[in-house]
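Take a look at the structure below.
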Amino acid sequence: MSVAACQKRRRQLMRMAGNDAIVVVPSAPERIRSRDTHFPYRQDSDLWYLTGFAEPDAVLVLVPGRVHGEALLFCRERDAEREAWDGPRVGPEGAVDALGVDDAYPIDDLDEILPGLLEGRTRVYYHFGRDTEFDLQLIGWLNRVRAQVRLGAQPPHEFLELGHLLDEMRLIKTADELKLMRRAAKISVEAHAAATCAARPGVREYELQAELEYVFRRHDAVPAYESIVGAGANACVLHYRANAAQARDGDLVLIDAGAEYRGYAADITRTFPVNGRFTAAQRALHEVVEAAQQAALSKAQPGRPYEAGHHAAVEALTEGLLRLGLLKGRLETCIADGSYKRYYPHKTGHWLGLDVHDVGDYRIEGESRLLEPGMVYTIEPGLYVPADDTSVDAKWRGIGIRTEDDVLITRAGHEVLTAGLARTADEIEAFMAQAR
């Protein structure tokens with residue numbers, strides 16, 4: 001994350017906010033795991049986007065048009081004793097050069113300084129409801145300004161959701177961001193390939209998870225979310241987390257995992273036979289999912305509605321379910337009454353970026369927004385037949401399949417960032433045969 005890129009983003013955000021506004025962006029809080037140990041720290045995505053600053057206990061304040069500096073950072077002071085335990089800090093002294101902000105202050109001075117920055121501003125942009133403790137602090141600072149009205153103070157009178165401005169900025173990726181996303185995708189493709197190569201009857205789900213995450217860390221990445229490794233009927237659990245079961249001969253394994261590199265996420269799902277060969281029923285359902293993904297991908301064009309991909313996938317999935325006998329009736333009826341949701345209960349994708357389910361509206365004024373160059377999203381159709389579904393032939397029961405790729409909208413059409421990984425049933429079988 002370059003200093004110049006962050007400075008450009010801050011300037012753009014301030015232009016959008018206007019000279020009578022103030023923008024307040026606190027860091028993510030640290031979270032206790034147990035007693036005196038913490039969960040791995042991950043910076044708030046908005047603060048990272050605007051500063052590239054990775055430390056906790058920080059607040060970015062943007063004051064457009066302020067003569068004495070518009071971009072201010074409050075952060076922890078240098079502390080030799082704490083740094084010996086936790087590692088080096090940038091400190092206010094180093095933040096100006098390291099981050100390109102106009103000025104920096106100790107975080108302990110926030111209570112003294114921020115009320116003065118709020119005074120005279122008419123609008124506050126902030127994420128209310130995200131951090132209750134900070135919400136209360138901000139309200140306290142606002143009340144201190146209001147208490148000075150009789151002395152001529154001018155408190156803000158309008159409070160706006162920061163996401164209305166910042167989410168739209170983050171939705172369109174720059175060339176620099178796309179470099180990082182391609183890197184995250186490349187690492188994720190390699191990790192999925194390694195896990196597929198390690199698959200064999202009797203393997204534990206956590207063993208395959210270890211193969212994935214070893215590749216992530218080997219390339220200086222981390223998991224973008226909890227890796228899902230579901231064997232057999234576990235693949236039908238959409239957000240399966242246990243990753244402890246043993247894959248039996250004849251099982252499919254569904255892996256939904258992605259690397260986060262320099263804050264940017266990839267998100268891939270593949271489903272493959274642990275023994276290297278699909279059964280006829282597994283292949284039939286896998287090919288329906290493949291057809292759905294291709295149908296959705298055909299709608300990945302600038303100017304097309306975002307929801308067009310989901311509608312195309314639903315039609316292909318429902319058509320396949322009717323052809324195979326898992327659904328009965330007419331195609332239009334099964335789509336209209338939602339019968340297909342029995343086996344396909346989720347949407348066909350989501351925005352992707354600094355968050356794996358990234359920011360940005362999907363609908364504008366009640367209508368599906370149109371795709372634009374620079375948007376990145378996933379296409380992830382699936383089918384899930386519960387193991388206890390006695391309404392269908394036994395050969396279908398307990399099969400869960402999802403295929404997911406990361407797609408960039410370009411001026412000419414689209415680019416599949418994760419295209420390097422075997423996807424079709426034939427490609428998967430050929431890859432596994434070669435790997436063995």
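Residue numbering restarts at 1 for every chain of the structure tokens, chains are lettered A, B, ... in their displayed order, and ligands are numbered from 1 as they appear.
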
Please run DSSP on the backbone and report, as a PyMOL selection string, all residues within stretch 86-328 of chain A that come out as strand (DSSP E or B). chain A and resi 103-106+123-126+158-161+204+222-223+228-231+246+252-257+259-261+264-265+268-273+305

Using DSSP on the backbone coordinates, identify all residues within stretch 251-405 of chain A classified as alpha helix (DSSP H); present the result as a PDB file with N, CA and C atoms, in the first residue's frame.
ATOM      1  N   ALA A 280     -20.981 -41.280 -11.175  1.00  0.00           N
ATOM      2  CA  ALA A 280     -21.870 -40.742 -12.207  1.00  0.00           C
ATOM      3  C   ALA A 280     -22.776 -39.655 -11.629  1.00  0.00           C
ATOM      4  N   ALA A 281     -23.315 -39.871 -10.430  1.00  0.00           N
ATOM      5  CA  ALA A 281     -24.209 -38.886  -9.820  1.00  0.00           C
ATOM      6  C   ALA A 281     -23.443 -37.614  -9.447  1.00  0.00           C
ATOM      7  N   GLN A 282     -22.247 -37.768  -8.887  1.00  0.00           N
ATOM      8  CA  GLN A 282     -21.439 -36.606  -8.525  1.00  0.00           C
ATOM      9  C   GLN A 282     -21.091 -35.778  -9.763  1.00  0.00           C
ATOM     10  N   ARG A 283     -20.701 -36.467 -10.823  1.00  0.00           N
ATOM     11  CA  ARG A 283     -20.343 -35.773 -12.065  1.00  0.00           C
ATOM     12  C   ARG A 283     -21.549 -35.036 -12.637  1.00  0.00           C
ATOM     13  N   ALA A 284     -22.697 -35.679 -12.603  1.00  0.00           N
ATOM     14  CA  ALA A 284     -23.896 -35.051 -13.165  1.00  0.00           C
ATOM     15  C   ALA A 284     -24.215 -33.741 -12.453  1.00  0.00           C
ATOM     16  N   LEU A 285     -24.157 -33.735 -11.121  1.00  0.00           N
ATOM     17  CA  LEU A 285     -24.430 -32.513 -10.376  1.00  0.00           C
ATOM     18  C   LEU A 285     -23.313 -31.487 -10.570  1.00  0.00           C
ATOM     19  N   HIS A 286     -22.089 -31.956 -10.635  1.00  0.00           N
ATOM     20  CA  HIS A 286     -20.954 -31.043 -10.842  1.00  0.00           C
ATOM     21  C   HIS A 286     -21.099 -30.334 -12.189  1.00  0.00           C
ATOM     22  N   GLU A 287     -21.568 -31.041 -13.184  1.00  0.00           N
ATOM     23  CA  GLU A 287     -21.719 -30.441 -14.511  1.00  0.00           C
ATOM     24  C   GLU A 287     -22.863 -29.439 -14.543  1.00  0.00           C
ATOM     25  N   VAL A 288     -23.884 -29.662 -13.726  1.00  0.00           N
ATOM     26  CA  VAL A 288     -24.951 -28.666 -13.611  1.00  0.00           C
ATOM     27  C   VAL A 288     -24.396 -27.378 -12.995  1.00  0.00           C
ATOM     28  N   VAL A 289     -23.590 -27.518 -11.957  1.00  0.00           N
ATOM     29  CA  VAL A 289     -22.987 -26.346 -11.319  1.00  0.00           C
ATOM     30  C   VAL A 289     -22.050 -25.631 -12.292  1.00  0.00           C
ATOM     31  N   GLU A 290     -21.307 -26.399 -13.064  1.00  0.00           N
ATOM     32  CA  GLU A 290     -20.414 -25.799 -14.068  1.00  0.00           C
ATOM     33  C   GLU A 290     -21.210 -25.010 -15.101  1.00  0.00           C
ATOM     34  N   ALA A 291     -22.318 -25.563 -15.545  1.00  0.00           N
ATOM     35  CA  ALA A 291     -23.161 -24.852 -16.515  1.00  0.00           C
ATOM     36  C   ALA A 291     -23.688 -23.552 -15.916  1.00  0.00           C
ATOM     37  N   ALA A 292     -24.036 -23.600 -14.629  1.00  0.00           N
ATOM     38  CA  ALA A 292     -24.529 -22.398 -13.958  1.00  0.00           C
ATOM     39  C   ALA A 292     -23.439 -21.343 -13.856  1.00  0.00           C
ATOM     40  N   GLN A 293     -22.219 -21.773 -13.568  1.00  0.00           N
ATOM     41  CA  GLN A 293     -21.148 -20.793 -13.473  1.00  0.00           C
ATOM     42  C   GLN A 293     -20.870 -20.147 -14.824  1.00  0.00           C
ATOM     43  N   GLN A 294     -20.883 -20.949 -15.877  1.00  0.00           N
ATOM     44  CA  GLN A 294     -20.672 -20.390 -17.206  1.00  0.00           C
ATOM     45  C   GLN A 294     -21.788 -19.436 -17.598  1.00  0.00           C
ATOM     46  N   ALA A 295     -23.007 -19.766 -17.211  1.00  0.00           N
ATOM     47  CA  ALA A 295     -24.136 -18.882 -17.502  1.00  0.00           C
ATOM     48  C   ALA A 295     -23.977 -17.551 -16.794  1.00  0.00           C
ATOM     49  N   ALA A 296     -23.570 -17.604 -15.517  1.00  0.00           N
ATOM     50  CA  ALA A 296     -23.358 -16.369 -14.759  1.00  0.00           C
ATOM     51  C   ALA A 296     -22.185 -15.576 -15.322  1.00  0.00           C
ATOM     52  N   LEU A 297     -21.133 -16.274 -15.705  1.00  0.00           N
ATOM     53  CA  LEU A 297     -19.944 -15.614 -16.233  1.00  0.00           C
ATOM     54  C   LEU A 297     -20.255 -14.886 -17.544  1.00  0.00           C
ATOM     55  N   GLU A 307     -27.278  -8.388 -10.898  1.00  0.00           N
ATOM     56  CA  GLU A 307     -28.148  -9.529 -10.591  1.00  0.00           C
ATOM     57  C   GLU A 307     -28.370 -10.452 -11.790  1.00  0.00           C
ATOM     58  N   ALA A 308     -27.992 -10.008 -12.980  1.00  0.00           N
ATOM     59  CA  ALA A 308     -28.204 -10.848 -14.161  1.00  0.00           C
ATOM     60  C   ALA A 308     -27.453 -12.167 -14.030  1.00  0.00           C
ATOM     61  N   GLY A 309     -26.278 -12.139 -13.407  1.00  0.00           N
ATOM     62  CA  GLY A 309     -25.508 -13.362 -13.222  1.00  0.00           C
ATOM     63  C   GLY A 309     -26.220 -14.350 -12.325  1.00  0.00           C
ATOM     64  N   HIS A 310     -26.821 -13.847 -11.250  1.00  0.00           N
ATOM     65  CA  HIS A 310     -27.561 -14.737 -10.343  1.00  0.00           C
ATOM     66  C   HIS A 310     -28.764 -15.342 -11.057  1.00  0.00           C
ATOM     67  N   HIS A 311     -29.502 -14.536 -11.782  1.00  0.00           N
ATOM     68  CA  HIS A 311     -30.675 -15.048 -12.486  1.00  0.00           C
ATOM     69  C   HIS A 311     -30.279 -16.117 -13.508  1.00  0.00           C
ATOM     70  N   ALA A 312     -29.173 -15.902 -14.202  1.00  0.00           N
ATOM     71  CA  ALA A 312     -28.708 -16.884 -15.187  1.00  0.00           C
ATOM     72  C   ALA A 312     -28.296 -18.186 -14.505  1.00  0.00           C
ATOM     73  N   ALA A 313     -27.619 -18.061 -13.349  1.00  0.00           N
ATOM     74  CA  ALA A 313     -27.207 -19.270 -12.624  1.00  0.00           C
ATOM     75  C   ALA A 313     -28.415 -20.035 -12.106  1.00  0.00           C
ATOM     76  N   VAL A 314     -29.392 -19.323 -11.560  1.00  0.00           N
ATOM     77  CA  VAL A 314     -30.598 -19.979 -11.046  1.00  0.00           C
ATOM     78  C   VAL A 314     -31.304 -20.739 -12.151  1.00  0.00           C
ATOM     79  N   GLU A 315     -31.404 -20.138 -13.312  1.00  0.00           N
ATOM     80  CA  GLU A 315     -32.064 -20.812 -14.434  1.00  0.00           C
ATOM     81  C   GLU A 315     -31.326 -22.089 -14.831  1.00  0.00           C
ATOM     82  N   ALA A 316     -29.996 -22.007 -14.907  1.00  0.00           N
ATOM     83  CA  ALA A 316     -29.219 -23.187 -15.286  1.00  0.00           C
ATOM     84  C   ALA A 316     -29.299 -24.276 -14.221  1.00  0.00           C
ATOM     85  N   LEU A 317     -29.232 -23.907 -12.960  1.00  0.00           N
ATOM     86  CA  LEU A 317     -29.318 -24.885 -11.877  1.00  0.00           C
ATOM     87  C   LEU A 317     -30.699 -25.548 -11.857  1.00  0.00           C
ATOM     88  N   THR A 318     -31.730 -24.741 -11.978  1.00  0.00           N
ATOM     89  CA  THR A 318     -33.090 -25.285 -11.929  1.00  0.00           C
ATOM     90  C   THR A 318     -33.343 -26.205 -13.113  1.00  0.00           C
ATOM     91  N   GLU A 319     -32.874 -25.805 -14.268  1.00  0.00           N
ATOM     92  CA  GLU A 319     -33.011 -26.641 -15.466  1.00  0.00           C
ATOM     93  C   GLU A 319     -32.314 -27.987 -15.245  1.00  0.00           C
ATOM     94  N   GLY A 320     -31.126 -27.969 -14.669  1.00  0.00           N
ATOM     95  CA  GLY A 320     -30.396 -29.209 -14.405  1.00  0.00           C
ATOM     96  C   GLY A 320     -31.088 -30.078 -13.373  1.00  0.00           C
ATOM     97  N   LEU A 321     -31.627 -29.464 -12.315  1.00  0.00           N
ATOM     98  CA  LEU A 321     -32.341 -30.226 -11.286  1.00  0.00           C
ATOM     99  C   LEU A 321     -33.591 -30.890 -11.852  1.00  0.00           C
ATOM    100  N   LEU A 322     -34.276 -30.206 -12.750  1.00  0.00           N
ATOM    101  CA  LEU A 322     -35.455 -30.797 -13.398  1.00  0.00           C
ATOM    102  C   LEU A 322     -35.047 -31.950 -14.307  1.00  0.00           C
ATOM    103  N   ARG A 323     -33.992 -31.752 -15.056  1.00  0.00           N
ATOM    104  CA  ARG A 323     -33.525 -32.798 -15.981  1.00  0.00           C
ATOM    105  C   ARG A 323     -33.107 -34.063 -15.237  1.00  0.00           C
ATOM    106  N   LEU A 324     -32.485 -33.884 -14.062  1.00  0.00           N
ATOM    107  CA  LEU A 324     -32.012 -35.032 -13.292  1.00  0.00           C
ATOM    108  C   LEU A 324     -33.087 -35.616 -12.371  1.00  0.00           C
ATOM    109  N   LEU A 331     -40.017 -25.233 -15.562  1.00  0.00           N
ATOM    110  CA  LEU A 331     -38.875 -24.392 -15.212  1.00  0.00           C
ATOM    111  C   LEU A 331     -39.322 -23.051 -14.639  1.00  0.00           C
ATOM    112  N   GLU A 332     -40.225 -22.381 -15.329  1.00  0.00           N
ATOM    113  CA  GLU A 332     -40.659 -21.053 -14.888  1.00  0.00           C
ATOM    114  C   GLU A 332     -41.313 -21.111 -13.513  1.00  0.00           C
ATOM    115  N   THR A 333     -42.111 -22.174 -13.284  1.00  0.00           N
ATOM    116  CA  THR A 333     -42.798 -22.311 -12.002  1.00  0.00           C
ATOM    117  C   THR A 333     -41.809 -22.547 -10.867  1.00  0.00           C
ATOM    118  N   CYS A 334     -40.847 -23.429 -11.100  1.00  0.00           N
ATOM    119  CA  CYS A 334     -39.859 -23.747 -10.052  1.00  0.00           C
ATOM    120  C   CYS A 334     -39.007 -22.543  -9.689  1.00  0.00           C
ATOM    121  N   ILE A 335     -38.755 -21.669 -10.663  1.00  0.00           N
ATOM    122  CA  ILE A 335     -38.005 -20.454 -10.370  1.00  0.00           C
ATOM    123  C   ILE A 335     -38.893 -19.456  -9.631  1.00  0.00           C
ATOM    124  N   ALA A 336     -40.123 -19.289 -10.125  1.00  0.00           N
ATOM    125  CA  ALA A 336     -41.025 -18.299  -9.540  1.00  0.00           C
ATOM    126  C   ALA A 336     -41.397 -18.622  -8.101  1.00  0.00           C
TER     127      ALA A 336
END

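Minimum distance to A:Asp355 across A:Ala175, A:Ala224, A:Val274, A:Ile268 (counting only C-alpha atoms) occurs at A:Ala224.
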
Would you pick out the contacts of A:Gly91 at 6 Å or less, using only C-alpha atoms, so that residues sharing its chain but fewer than 2 positions from it are not included, and give the list as an MDAnalysis selection string? chainID A and resid 76:78 89 93:94

Emit the selected residues as a CSV table (one decimal), in the first residue's frame, including C-alpha atoms.
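Written file, out09.csv:
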chain,number,residue,atom,x,y,z
A,76,ARG,CA,0.4,5.2,20.2
A,77,GLU,CA,3.6,6.8,21.3
A,78,ARG,CA,6.9,5.1,21.1
A,89,ARG,CA,5.7,1.3,16.8
A,93,GLU,CA,7.2,11.2,15.3
A,94,GLY,CA,7.4,8.7,12.5

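Near A:Ala257, within 7 Å and counting only C-alpha atoms, sit Ser227, Ile228, Ile255, Asp267, Ile268 and Thr269 of chain A, not including residues fewer than 2 positions from it in the same chain.
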
Taking N, CA and C atoms for each residue, export the selection above as a compact mmCIF listing (two decimals), in the first residue's frame.
# COMPACT_ATOMS: atom_id res chain seq x y z
N SER A 227 -11.00 -21.17 6.75
CA SER A 227 -11.03 -22.12 5.65
C SER A 227 -12.08 -23.19 5.89
N ILE A 228 -12.87 -23.46 4.86
CA ILE A 228 -13.91 -24.49 4.92
C ILE A 228 -13.42 -25.71 4.16
N ILE A 255 -13.75 -27.47 -0.75
CA ILE A 255 -12.83 -26.55 -0.10
C ILE A 255 -13.16 -25.13 -0.53
N ASP A 267 -11.01 -15.58 -2.91
CA ASP A 267 -12.09 -16.44 -2.41
C ASP A 267 -12.37 -17.48 -3.48
N ILE A 268 -11.95 -18.70 -3.23
CA ILE A 268 -12.09 -19.78 -4.20
C ILE A 268 -12.80 -20.96 -3.56
N THR A 269 -13.69 -21.60 -4.31
CA THR A 269 -14.24 -22.88 -3.90
C THR A 269 -14.08 -23.89 -5.03
